[in-house]
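These notes concern the structure reproduced below.
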Amino acid sequence: MWAGLVVATAATWWLAADHVPEQALRLGAVAAVVLTCVKLWLLARHLMDLRAAAVPLRRAVDAWVLLLGAALVALAVL
């Protein structure tokens, strides 16, 4: 899991850097938001021990991450 988070962080940093072409800026922003939401979900599952929590709590966190990601992607696309 640690290596996956490091790779996702590096990819997010690369997508947000200034070397991304102007045309791909929105796509890069959307990809960075998606990667960040995946990292958030992984951290909640593994570091906050939600994988052993009650099902309603896990589903609530899943829904929160999904809604947050959808809202941020919508803002990035606008």
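Here's how to read the names in the structure tokens: chain A, B, ... by the order shown, residue numbers from 1 in each chain, ligand numbers from 1 in the order shown.
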For segment 9-11 of chain A: contacts at 9 Å, only C-alpha atoms, fewer than 6 positions along chain excluded, given as a ChimeraX atom specification: /A:32,35-36,39
Residues near Leu75 of chain A, cut-off 12 Å, only C-alpha atoms, skip fewer than 2 positions along chain, as JSON, numbers by chain: {"A": [26, 29, 30, 33, 68, 69, 70, 71, 72, 73, 77, 78]}
Export of prior selection with all heavy atoms as a compact mmCIF listing (two decimals), in the first residue's frame:
# COMPACT_ATOMS: atom_id res chain seq x y z
N ARG A 26 -7.01 20.63 -18.16
CA ARG A 26 -8.25 20.14 -17.53
C ARG A 26 -8.20 18.63 -17.30
O ARG A 26 -8.62 18.16 -16.26
CB ARG A 26 -9.46 20.49 -18.38
CG ARG A 26 -9.87 21.91 -18.21
CD ARG A 26 -11.23 22.15 -18.75
NE ARG A 26 -11.52 23.56 -18.55
CZ ARG A 26 -12.51 24.18 -19.11
NH1 ARG A 26 -13.33 23.52 -19.89
NH2 ARG A 26 -12.72 25.45 -18.89
N ALA A 29 -6.07 18.06 -14.38
CA ALA A 29 -6.75 18.42 -13.14
C ALA A 29 -7.72 17.32 -12.72
O ALA A 29 -7.79 16.95 -11.55
CB ALA A 29 -7.47 19.75 -13.29
N VAL A 30 -8.46 16.79 -13.68
CA VAL A 30 -9.40 15.71 -13.38
C VAL A 30 -8.65 14.47 -12.91
O VAL A 30 -9.04 13.82 -11.93
CB VAL A 30 -10.29 15.40 -14.61
CG1 VAL A 30 -11.08 14.14 -14.40
CG2 VAL A 30 -11.22 16.57 -14.88
N VAL A 33 -7.46 14.97 -9.35
CA VAL A 33 -8.55 14.84 -8.39
C VAL A 33 -8.91 13.37 -8.18
O VAL A 33 -9.11 12.92 -7.04
CB VAL A 33 -9.79 15.65 -8.84
CG1 VAL A 33 -11.02 15.29 -8.04
CG2 VAL A 33 -9.50 17.13 -8.74
N LEU A 68 -17.44 13.77 -2.91
CA LEU A 68 -16.39 14.79 -2.91
C LEU A 68 -15.63 14.77 -4.24
O LEU A 68 -15.40 15.84 -4.84
CB LEU A 68 -15.43 14.55 -1.75
CG LEU A 68 -14.25 15.51 -1.65
CD1 LEU A 68 -14.74 16.89 -1.27
CD2 LEU A 68 -13.26 14.99 -0.63
N GLY A 69 -15.28 13.60 -4.70
CA GLY A 69 -14.57 13.49 -5.97
C GLY A 69 -15.41 13.99 -7.13
O GLY A 69 -14.90 14.70 -8.01
N ALA A 70 -16.69 13.65 -7.14
CA ALA A 70 -17.57 14.11 -8.23
C ALA A 70 -17.71 15.61 -8.22
O ALA A 70 -17.69 16.25 -9.28
CB ALA A 70 -18.93 13.44 -8.10
N ALA A 71 -17.83 16.21 -7.04
CA ALA A 71 -17.95 17.66 -6.94
C ALA A 71 -16.67 18.35 -7.41
O ALA A 71 -16.71 19.35 -8.14
CB ALA A 71 -18.29 18.07 -5.52
N LEU A 72 -15.53 17.81 -7.02
CA LEU A 72 -14.25 18.41 -7.43
C LEU A 72 -13.99 18.25 -8.92
O LEU A 72 -13.47 19.16 -9.56
CB LEU A 72 -13.11 17.83 -6.61
CG LEU A 72 -13.09 18.23 -5.13
CD1 LEU A 72 -12.00 17.48 -4.39
CD2 LEU A 72 -12.93 19.72 -4.98
N VAL A 73 -14.38 17.11 -9.47
CA VAL A 73 -14.24 16.92 -10.92
C VAL A 73 -15.16 17.90 -11.67
O VAL A 73 -14.76 18.49 -12.67
CB VAL A 73 -14.54 15.46 -11.32
CG1 VAL A 73 -14.75 15.32 -12.82
CG2 VAL A 73 -13.40 14.55 -10.86
N VAL A 77 -13.88 20.75 -14.34
CA VAL A 77 -14.32 20.75 -15.74
C VAL A 77 -14.94 22.09 -16.12
O VAL A 77 -14.83 22.52 -17.26
CB VAL A 77 -15.31 19.60 -15.99
CG1 VAL A 77 -15.95 19.69 -17.35
CG2 VAL A 77 -14.60 18.27 -15.83
N LEU A 78 -15.57 22.74 -15.17
CA LEU A 78 -16.23 24.02 -15.49
C LEU A 78 -15.27 25.06 -15.90
O LEU A 78 -14.41 25.55 -15.81
CB LEU A 78 -17.05 24.50 -14.30
CG LEU A 78 -18.25 23.62 -13.97
CD1 LEU A 78 -18.94 24.15 -12.74
CD2 LEU A 78 -19.21 23.58 -15.13
Rounded to one decimal, what separation in Å do you get between atom CA of Met1 of chain A and atom CA of Trp64 of chain A? 21.4 Å
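For the atom pair formed by atom CA of Val65 of chain A and atom CA of Thr12 of chain A, the distance is 17.1 Å, given to one decimal.
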Just checking: using only C-alpha atoms, which residue out of A:Val61, A:Val34, A:Ala52, A:Leu43 ends up closest to Gly4 of chain A?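 Comparing A:Val61, A:Val34, A:Ala52, A:Leu43 against Gly4 of chain A, the winner is A:Leu43.
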Secondary structure check, alpha helix (DSSP H) residues of chain A, as a ChimeraX atom specification: /A:2-16,25-42,55-77
Write the residues you've just listed into a file as a compact mmCIF listing (two decimals), in the first residue's frame, and include C-alpha atoms for each of them.
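Below you can see part.txt, which holds the result:
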# COMPACT_ATOMS: atom_id res chain seq x y z
CA TRP A 2 2.81 2.41 0.84
CA ALA A 3 4.38 2.09 -2.60
CA GLY A 4 1.00 2.65 -4.25
CA LEU A 5 0.47 5.84 -2.27
CA VAL A 6 3.94 7.07 -3.19
CA VAL A 7 3.31 6.40 -6.88
CA ALA A 8 -0.10 8.11 -6.73
CA THR A 9 1.42 11.13 -4.97
CA ALA A 10 4.19 11.39 -7.56
CA ALA A 11 1.64 11.11 -10.38
CA THR A 12 -0.54 13.80 -8.81
CA TRP A 13 2.49 16.07 -8.44
CA TRP A 14 3.51 15.47 -12.04
CA LEU A 15 0.00 16.23 -13.32
CA ALA A 16 -0.12 19.48 -11.33
CA LEU A 25 -4.61 21.09 -18.22
CA ARG A 26 -8.25 20.14 -17.53
CA LEU A 27 -7.59 16.47 -18.11
CA GLY A 28 -4.62 16.71 -15.77
CA ALA A 29 -6.75 18.42 -13.14
CA VAL A 30 -9.40 15.71 -13.38
CA ALA A 31 -6.77 12.97 -13.18
CA ALA A 32 -5.17 14.65 -10.14
CA VAL A 33 -8.55 14.84 -8.39
CA VAL A 34 -9.30 11.19 -9.15
CA LEU A 35 -5.89 10.09 -7.88
CA THR A 36 -6.33 12.16 -4.74
CA CYS A 37 -9.72 10.58 -4.06
CA VAL A 38 -8.25 7.11 -4.53
CA LYS A 39 -5.49 7.99 -2.06
CA LEU A 40 -8.09 9.32 0.38
CA TRP A 41 -10.11 6.11 0.08
CA LEU A 42 -7.01 3.96 0.61
CA VAL A 55 -20.78 -1.79 7.00
CA PRO A 56 -22.88 1.41 7.27
CA LEU A 57 -19.81 3.39 8.32
CA ARG A 58 -17.76 1.99 5.44
CA ARG A 59 -20.52 2.81 2.98
CA ALA A 60 -20.88 6.33 4.38
CA VAL A 61 -17.15 7.00 3.92
CA ASP A 62 -17.27 5.47 0.42
CA ALA A 63 -20.21 7.73 -0.49
CA TRP A 64 -18.45 10.78 0.98
CA VAL A 65 -15.29 10.14 -1.04
CA LEU A 66 -17.33 9.54 -4.19
CA LEU A 67 -19.44 12.69 -3.76
CA LEU A 68 -16.39 14.79 -2.91
CA GLY A 69 -14.57 13.49 -5.97
CA ALA A 70 -17.57 14.11 -8.23
CA ALA A 71 -17.95 17.66 -6.94
CA LEU A 72 -14.25 18.41 -7.43
CA VAL A 73 -14.24 16.92 -10.92
CA ALA A 74 -17.30 19.02 -11.80
CA LEU A 75 -15.49 22.14 -10.57
CA ALA A 76 -12.37 21.23 -12.53
CA VAL A 77 -14.32 20.75 -15.74
